$ cat entry_12.csv   # CSV, C-alpha atoms
chain,number,residue,atom,x,y,z
A,1042,MET,CA,-24.2,15.6,-3.8
A,1043,GLN,CA,-21.0,13.6,-4.6
A,1044,ALA,CA,-21.1,9.8,-4.3
A,1045,MET,CA,-19.0,8.2,-1.7
A,1046,ASN,CA,-15.7,6.8,-2.9
A,1047,GLY,CA,-13.9,3.7,-1.5
A,1048,PHE,CA,-11.8,5.8,0.9
A,1049,GLN,CA,-14.9,7.3,2.4
A,1050,LEU,CA,-16.6,3.9,2.7
A,1051,THR,CA,-13.6,2.4,4.4
A,1052,ALA,CA,-13.3,5.4,6.8
A,1053,ASP,CA,-16.9,5.0,7.7
A,1054,SER,CA,-16.3,1.3,8.3
A,1055,TYR,CA,-13.5,2.1,10.8
A,1056,ARG,CA,-15.8,4.5,12.6
A,1057,LYS,CA,-18.6,2.0,12.8
A,1058,ALA,CA,-16.2,-0.8,14.0
A,1059,ALA,CA,-14.9,1.5,16.8
A,1060,GLU,CA,-18.4,2.5,17.8
A,1061,ARG,CA,-19.3,-1.2,18.1
A,1062,GLY,CA,-16.2,-1.9,20.1
A,1063,LYS,CA,-14.7,-4.2,17.5
A,1064,ILE,CA,-11.5,-2.1,17.3
A,1065,SER,CA,-10.1,0.6,19.5
A,1066,LYS,CA,-11.1,4.2,19.0
A,1067,ASP,CA,-7.4,5.3,18.8
A,1068,TYR,CA,-6.7,2.8,16.0
A,1069,ALA,CA,-9.8,3.8,14.1
A,1070,ASP,CA,-8.9,7.5,14.5
A,1071,LYS,CA,-5.5,7.0,12.9
A,1072,GLU,CA,-7.0,5.0,10.0
A,1073,TYR,CA,-9.9,7.2,9.1
A,1074,LYS,CA,-8.0,10.4,9.5
A,1075,VAL,CA,-5.9,9.4,6.5
A,1076,LEU,CA,-8.8,7.9,4.6
A,1077,ASP,CA,-10.9,11.0,5.0
A,1078,PHE,CA,-8.0,13.0,3.5
A,1079,LEU,CA,-7.5,10.5,0.7
A,1080,ALA,CA,-11.2,10.8,-0.1
A,1081,THR,CA,-10.6,14.4,-1.0
A,1082,CYS,CA,-7.8,13.6,-3.4
A,1083,ASP,CA,-7.9,13.0,-7.1
A,1084,ASP,CA,-5.6,10.7,-9.0
A,1085,ALA,CA,-3.1,13.5,-9.6
A,1086,ASP,CA,-3.0,14.2,-5.9
A,1087,VAL,CA,-2.3,10.6,-5.1
A,1088,CYS,CA,0.5,10.4,-7.7
A,1089,ASN,CA,2.0,13.6,-6.3
A,1090,MET,CA,2.1,12.1,-2.8
A,1091,PHE,CA,3.6,8.8,-4.0
A,1092,ASP,CA,6.3,10.7,-5.9
A,1093,SER,CA,7.1,12.9,-3.0
A,1094,PRO,CA,10.2,12.2,-0.8
A,1095,ALA,CA,7.8,11.0,2.0
A,1096,PHE,CA,7.2,7.8,0.0
A,1097,ASN,CA,10.7,7.3,-1.5
A,1098,LYS,CA,11.9,5.0,1.2
A,1099,ILE,CA,8.8,2.8,0.9
A,1100,ALA,CA,8.9,2.7,-2.9
A,1101,ASN,CA,12.6,1.9,-2.9
A,1102,SER,CA,12.0,-1.0,-0.5
A,1103,TYR,CA,9.8,-2.6,-3.2
A,1104,LEU,CA,12.1,-1.6,-6.0
A,1105,TYR,CA,15.2,-3.3,-4.6
A,1106,LEU,CA,13.5,-6.7,-4.7
A,1107,ARG,CA,12.8,-6.3,-8.4
A,1108,ILE,CA,16.4,-5.3,-9.1
A,1109,ALA,CA,17.7,-8.3,-7.2
A,1110,VAL,CA,15.5,-10.7,-9.2
A,1111,MET,CA,16.6,-9.2,-12.4
A,1112,GLU,CA,20.3,-9.6,-11.4
A,1113,LEU,CA,19.8,-13.2,-10.3
A,1114,THR,CA,18.2,-14.0,-13.6
A,1115,ASP,CA,20.9,-12.2,-15.6
A,1116,LYS,CA,23.6,-14.2,-13.7
A,1117,GLY,CA,21.8,-17.5,-14.2
A,1118,THR,CA,21.2,-18.1,-10.5
A,1119,ILE,CA,17.5,-18.4,-11.1
A,1120,ASP,CA,15.7,-19.1,-14.4
A,1121,GLU,CA,13.0,-16.9,-15.9
A,1122,GLU,CA,10.2,-19.2,-14.6
A,1123,GLN,CA,11.5,-18.8,-11.1
A,1124,ALA,CA,11.9,-15.0,-11.6
A,1125,GLN,CA,8.4,-14.7,-12.9
A,1126,ALA,CA,7.1,-16.6,-9.8
A,1127,VAL,CA,8.9,-14.2,-7.5
A,1128,ARG,CA,7.6,-11.2,-9.4
A,1129,ASN,CA,4.1,-12.5,-9.3
A,1130,ARG,CA,4.3,-13.2,-5.6
A,1131,PHE,CA,5.9,-9.8,-5.1
A,1132,SER,CA,3.0,-8.1,-6.9
A,1133,LEU,CA,0.5,-9.8,-4.6
A,1134,LEU,CA,2.5,-8.8,-1.5
A,1135,PHE,CA,2.5,-5.2,-2.7
A,1136,ASP,CA,-1.3,-5.3,-2.5
A,1137,GLU,CA,-1.4,-7.4,0.7
A,1138,LYS,CA,1.2,-5.6,2.9
A,1139,GLN,CA,0.9,-2.1,4.3
A,1140,ALA,CA,3.9,0.2,4.0
A,1141,HIS,CA,4.8,0.0,7.7
A,1142,GLU,CA,5.0,-3.8,7.4
A,1143,VAL,CA,7.5,-3.5,4.5
A,1144,MET,CA,9.6,-1.0,6.3

$ encode --input "entry_12.csv" --output "structure tokens"
Amino acid sequence: MQAMNGFQLTADSYRKAAERGKISKDYADKEYKVLDFLATCDDADVCNMFDSPAFNKIANSYLYLRIAVMELTDKGTIDEEQAQAVRNRFSLLFDEKQAHEVM
């Protein structure tokens, strides 16, 4: 028997929350449908998905900010300390924001 991974655990949490009435069943269905699929994927599968055209628009949205910070630093508009602060905050936002929020 294979141990549960984080995707499976999160999917089960959505199911339980919907059963308890804490979130809507429709919302939970959307969330755990994807999580159930991701639970079957290995690292190579996830990388293939991220590299696919389906994710290009999202990845580019993140990339453009990094390019802008580099250009502002190169032009002297902001200094390296400010650029690093922006990059640090950006990295946190990458983890905190979902793709649909970025788009």

$ residues_around --input "entry_12.csv" --residues "Glu1142 in chain A" --least-positions-apart "4" --cutoff "12 Å" --atoms "all atoms listed in the file" --output "MDAnalysis selection string"
chainID A and resid 1099 1102:1103 1134:1138

$ residues_around --input "entry_12.csv" --residues "range 1051-1057 of chain A" --least-positions-apart "2" --cutoff "12 Å" --atoms "only C-alpha atoms" --output "PyMOL selection string"
chain A and resi 1045-1049+1059-1080

$ write_last_selection --input "entry_12.csv" --atoms "C-alpha atoms" --output "PDB file, in the coordinates of the input"
ATOM      1  CA  MET A1045     -19.000   8.200  -1.700  1.00  0.00           C
ATOM      2  CA  ASN A1046     -15.700   6.800  -2.900  1.00  0.00           C
ATOM      3  CA  GLY A1047     -13.900   3.700  -1.500  1.00  0.00           C
ATOM      4  CA  PHE A1048     -11.800   5.800   0.900  1.00  0.00           C
ATOM      5  CA  GLN A1049     -14.900   7.300   2.400  1.00  0.00           C
ATOM      6  CA  ALA A1059     -14.900   1.500  16.800  1.00  0.00           C
ATOM      7  CA  GLU A1060     -18.400   2.500  17.800  1.00  0.00           C
ATOM      8  CA  ARG A1061     -19.300  -1.200  18.100  1.00  0.00           C
ATOM      9  CA  GLY A1062     -16.200  -1.900  20.100  1.00  0.00           C
ATOM     10  CA  LYS A1063     -14.700  -4.200  17.500  1.00  0.00           C
ATOM     11  CA  ILE A1064     -11.500  -2.100  17.300  1.00  0.00           C
ATOM     12  CA  SER A1065     -10.100   0.600  19.500  1.00  0.00           C
ATOM     13  CA  LYS A1066     -11.100   4.200  19.000  1.00  0.00           C
ATOM     14  CA  ASP A1067      -7.400   5.300  18.800  1.00  0.00           C
ATOM     15  CA  TYR A1068      -6.700   2.800  16.000  1.00  0.00           C
ATOM     16  CA  ALA A1069      -9.800   3.800  14.100  1.00  0.00           C
ATOM     17  CA  ASP A1070      -8.900   7.500  14.500  1.00  0.00           C
ATOM     18  CA  LYS A1071      -5.500   7.000  12.900  1.00  0.00           C
ATOM     19  CA  GLU A1072      -7.000   5.000  10.000  1.00  0.00           C
ATOM     20  CA  TYR A1073      -9.900   7.200   9.100  1.00  0.00           C
ATOM     21  CA  LYS A1074      -8.000  10.400   9.500  1.00  0.00           C
ATOM     22  CA  VAL A1075      -5.900   9.400   6.500  1.00  0.00           C
ATOM     23  CA  LEU A1076      -8.800   7.900   4.600  1.00  0.00           C
ATOM     24  CA  ASP A1077     -10.900  11.000   5.000  1.00  0.00           C
ATOM     25  CA  PHE A1078      -8.000  13.000   3.500  1.00  0.00           C
ATOM     26  CA  LEU A1079      -7.500  10.500   0.700  1.00  0.00           C
ATOM     27  CA  ALA A1080     -11.200  10.800  -0.100  1.00  0.00           C
TER      28      ALA A1080
END

$ atom_distance --input "entry_12.csv" --atom1 "CA of Glu1122 in chain A" --atom2 "CA of Asn1097 in chain A"
29.6 Å

$ residues_near_point --input "entry_12.csv" --point "(9.0, -9.9, -13.7)" --cutoff "12 Å" --atoms "all atoms listed in the file" --output "ChimeraX atom specification"
/A:1104,1106-1114,1120-1132

$ atom_distance --input "entry_12.csv" --atom1 "CA of Ala1058 in chain A" --atom2 "CA of Val1087 in chain A"
26.2 Å

$ atom_distance --input "entry_12.csv" --atom1 "CA of Asn1089 in chain A" --atom2 "CA of Leu1050 in chain A"
22.8 Å

$ decode --input "entry_12.csv" --residues "range 1088-1100 of chain A" --atoms "all heavy atoms" --output "PDB file, in the first residue's frame"
ATOM      1  N   CYS A1088       6.828  18.492 -13.899  1.00  0.00           N
ATOM      2  CA  CYS A1088       7.696  19.340 -14.728  1.00  0.00           C
ATOM      3  C   CYS A1088       7.179  19.415 -16.160  1.00  0.00           C
ATOM      4  O   CYS A1088       7.182  20.498 -16.770  1.00  0.00           O
ATOM      5  CB  CYS A1088       9.132  18.824 -14.708  1.00  0.00           C
ATOM      6  SG  CYS A1088       9.961  19.079 -13.132  1.00  0.00           S
ATOM      7  N   ASN A1089       6.737  18.301 -16.709  1.00  0.00           N
ATOM      8  CA  ASN A1089       6.178  18.296 -18.063  1.00  0.00           C
ATOM      9  C   ASN A1089       4.942  19.187 -18.152  1.00  0.00           C
ATOM     10  O   ASN A1089       4.757  19.914 -19.129  1.00  0.00           O
ATOM     11  CB  ASN A1089       5.830  16.876 -18.511  1.00  0.00           C
ATOM     12  CG  ASN A1089       7.046  16.077 -18.888  1.00  0.00           C
ATOM     13  OD1 ASN A1089       8.084  16.628 -19.239  1.00  0.00           O
ATOM     14  ND2 ASN A1089       6.925  14.767 -18.808  1.00  0.00           N
ATOM     15  N   MET A1090       4.102  19.153 -17.137  1.00  0.00           N
ATOM     16  CA  MET A1090       2.913  20.012 -17.144  1.00  0.00           C
ATOM     17  C   MET A1090       3.304  21.480 -17.092  1.00  0.00           C
ATOM     18  O   MET A1090       2.765  22.303 -17.823  1.00  0.00           O
ATOM     19  CB  MET A1090       1.989  19.664 -15.974  1.00  0.00           C
ATOM     20  CG  MET A1090       1.225  18.389 -16.184  1.00  0.00           C
ATOM     21  SD  MET A1090       0.034  18.065 -14.873  1.00  0.00           S
ATOM     22  CE  MET A1090       1.115  17.638 -13.513  1.00  0.00           C
ATOM     23  N   PHE A1091       4.253  21.806 -16.210  1.00  0.00           N
ATOM     24  CA  PHE A1091       4.659  23.200 -16.066  1.00  0.00           C
ATOM     25  C   PHE A1091       5.306  23.725 -17.343  1.00  0.00           C
ATOM     26  O   PHE A1091       5.115  24.880 -17.708  1.00  0.00           O
ATOM     27  CB  PHE A1091       5.614  23.374 -14.885  1.00  0.00           C
ATOM     28  CG  PHE A1091       5.871  24.817 -14.560  1.00  0.00           C
ATOM     29  CD1 PHE A1091       4.960  25.545 -13.815  1.00  0.00           C
ATOM     30  CD2 PHE A1091       7.018  25.448 -15.004  1.00  0.00           C
ATOM     31  CE1 PHE A1091       5.188  26.882 -13.523  1.00  0.00           C
ATOM     32  CE2 PHE A1091       7.247  26.792 -14.719  1.00  0.00           C
ATOM     33  CZ  PHE A1091       6.330  27.508 -13.979  1.00  0.00           C
ATOM     34  N   ASP A1092       6.048  22.865 -18.018  1.00  0.00           N
ATOM     35  CA  ASP A1092       6.715  23.262 -19.257  1.00  0.00           C
ATOM     36  C   ASP A1092       5.781  23.308 -20.454  1.00  0.00           C
ATOM     37  O   ASP A1092       6.140  23.819 -21.510  1.00  0.00           O
ATOM     38  CB  ASP A1092       7.867  22.301 -19.574  1.00  0.00           C
ATOM     39  CG  ASP A1092       9.022  22.437 -18.604  1.00  0.00           C
ATOM     40  OD1 ASP A1092       9.124  23.487 -17.935  1.00  0.00           O
ATOM     41  OD2 ASP A1092       9.818  21.485 -18.507  1.00  0.00           O
ATOM     42  N   SER A1093       4.581  22.807 -20.303  1.00  0.00           N
ATOM     43  CA  SER A1093       3.635  22.745 -21.419  1.00  0.00           C
ATOM     44  C   SER A1093       3.081  24.135 -21.737  1.00  0.00           C
ATOM     45  O   SER A1093       3.111  25.040 -20.895  1.00  0.00           O
ATOM     46  CB  SER A1093       2.479  21.805 -21.089  1.00  0.00           C
ATOM     47  OG  SER A1093       1.585  22.422 -20.187  1.00  0.00           O
ATOM     48  N   PRO A1094       2.553  24.320 -22.939  1.00  0.00           N
ATOM     49  CA  PRO A1094       1.953  25.611 -23.307  1.00  0.00           C
ATOM     50  C   PRO A1094       0.823  26.045 -22.366  1.00  0.00           C
ATOM     51  O   PRO A1094       0.567  27.231 -22.218  1.00  0.00           O
ATOM     52  CB  PRO A1094       1.419  25.372 -24.716  1.00  0.00           C
ATOM     53  CG  PRO A1094       2.245  24.265 -25.255  1.00  0.00           C
ATOM     54  CD  PRO A1094       2.575  23.389 -24.073  1.00  0.00           C
ATOM     55  N   ALA A1095       0.190  25.092 -21.720  1.00  0.00           N
ATOM     56  CA  ALA A1095      -0.906  25.426 -20.813  1.00  0.00           C
ATOM     57  C   ALA A1095      -0.454  26.347 -19.683  1.00  0.00           C
ATOM     58  O   ALA A1095      -1.231  27.144 -19.173  1.00  0.00           O
ATOM     59  CB  ALA A1095      -1.516  24.149 -20.228  1.00  0.00           C
ATOM     60  N   PHE A1096       0.808  26.256 -19.312  1.00  0.00           N
ATOM     61  CA  PHE A1096       1.310  27.044 -18.191  1.00  0.00           C
ATOM     62  C   PHE A1096       2.197  28.203 -18.618  1.00  0.00           C
ATOM     63  O   PHE A1096       2.662  28.974 -17.780  1.00  0.00           O
ATOM     64  CB  PHE A1096       2.046  26.140 -17.201  1.00  0.00           C
ATOM     65  CG  PHE A1096       1.151  25.144 -16.546  1.00  0.00           C
ATOM     66  CD1 PHE A1096       1.056  23.859 -17.034  1.00  0.00           C
ATOM     67  CD2 PHE A1096       0.365  25.500 -15.461  1.00  0.00           C
ATOM     68  CE1 PHE A1096       0.216  22.930 -16.449  1.00  0.00           C
ATOM     69  CE2 PHE A1096      -0.479  24.583 -14.868  1.00  0.00           C
ATOM     70  CZ  PHE A1096      -0.560  23.290 -15.367  1.00  0.00           C
ATOM     71  N   ASN A1097       2.464  28.351 -19.893  1.00  0.00           N
ATOM     72  CA  ASN A1097       3.350  29.415 -20.363  1.00  0.00           C
ATOM     73  C   ASN A1097       2.871  30.800 -19.950  1.00  0.00           C
ATOM     74  O   ASN A1097       3.663  31.642 -19.521  1.00  0.00           O
ATOM     75  CB  ASN A1097       3.503  29.371 -21.879  1.00  0.00           C
ATOM     76  CG  ASN A1097       4.384  28.240 -22.340  1.00  0.00           C
ATOM     77  OD1 ASN A1097       5.057  27.599 -21.552  1.00  0.00           O
ATOM     78  ND2 ASN A1097       4.375  27.981 -23.627  1.00  0.00           N
ATOM     79  N   LYS A1098       1.595  31.074 -20.091  1.00  0.00           N
ATOM     80  CA  LYS A1098       1.063  32.401 -19.764  1.00  0.00           C
ATOM     81  C   LYS A1098       1.263  32.720 -18.284  1.00  0.00           C
ATOM     82  O   LYS A1098       1.625  33.835 -17.919  1.00  0.00           O
ATOM     83  CB  LYS A1098      -0.415  32.456 -20.140  1.00  0.00           C
ATOM     84  CG  LYS A1098      -1.012  33.824 -20.113  1.00  0.00           C
ATOM     85  CD  LYS A1098      -2.431  33.797 -20.675  1.00  0.00           C
ATOM     86  CE  LYS A1098      -3.032  35.166 -20.683  1.00  0.00           C
ATOM     87  NZ  LYS A1098      -4.416  35.158 -21.147  1.00  0.00           N
ATOM     88  N   ILE A1099       1.059  31.732 -17.441  1.00  0.00           N
ATOM     89  CA  ILE A1099       1.237  31.933 -16.000  1.00  0.00           C
ATOM     90  C   ILE A1099       2.714  32.147 -15.679  1.00  0.00           C
ATOM     91  O   ILE A1099       3.081  33.093 -14.976  1.00  0.00           O
ATOM     92  CB  ILE A1099       0.682  30.723 -15.218  1.00  0.00           C
ATOM     93  CG1 ILE A1099      -0.829  30.601 -15.447  1.00  0.00           C
ATOM     94  CG2 ILE A1099       0.997  30.851 -13.728  1.00  0.00           C
ATOM     95  CD1 ILE A1099      -1.413  29.274 -15.027  1.00  0.00           C
ATOM     96  N   ALA A1100       3.563  31.281 -16.205  1.00  0.00           N
ATOM     97  CA  ALA A1100       5.001  31.401 -15.936  1.00  0.00           C
ATOM     98  C   ALA A1100       5.539  32.731 -16.441  1.00  0.00           C
ATOM     99  O   ALA A1100       6.348  33.376 -15.765  1.00  0.00           O
ATOM    100  CB  ALA A1100       5.750  30.236 -16.577  1.00  0.00           C
TER     101      ALA A1100
END
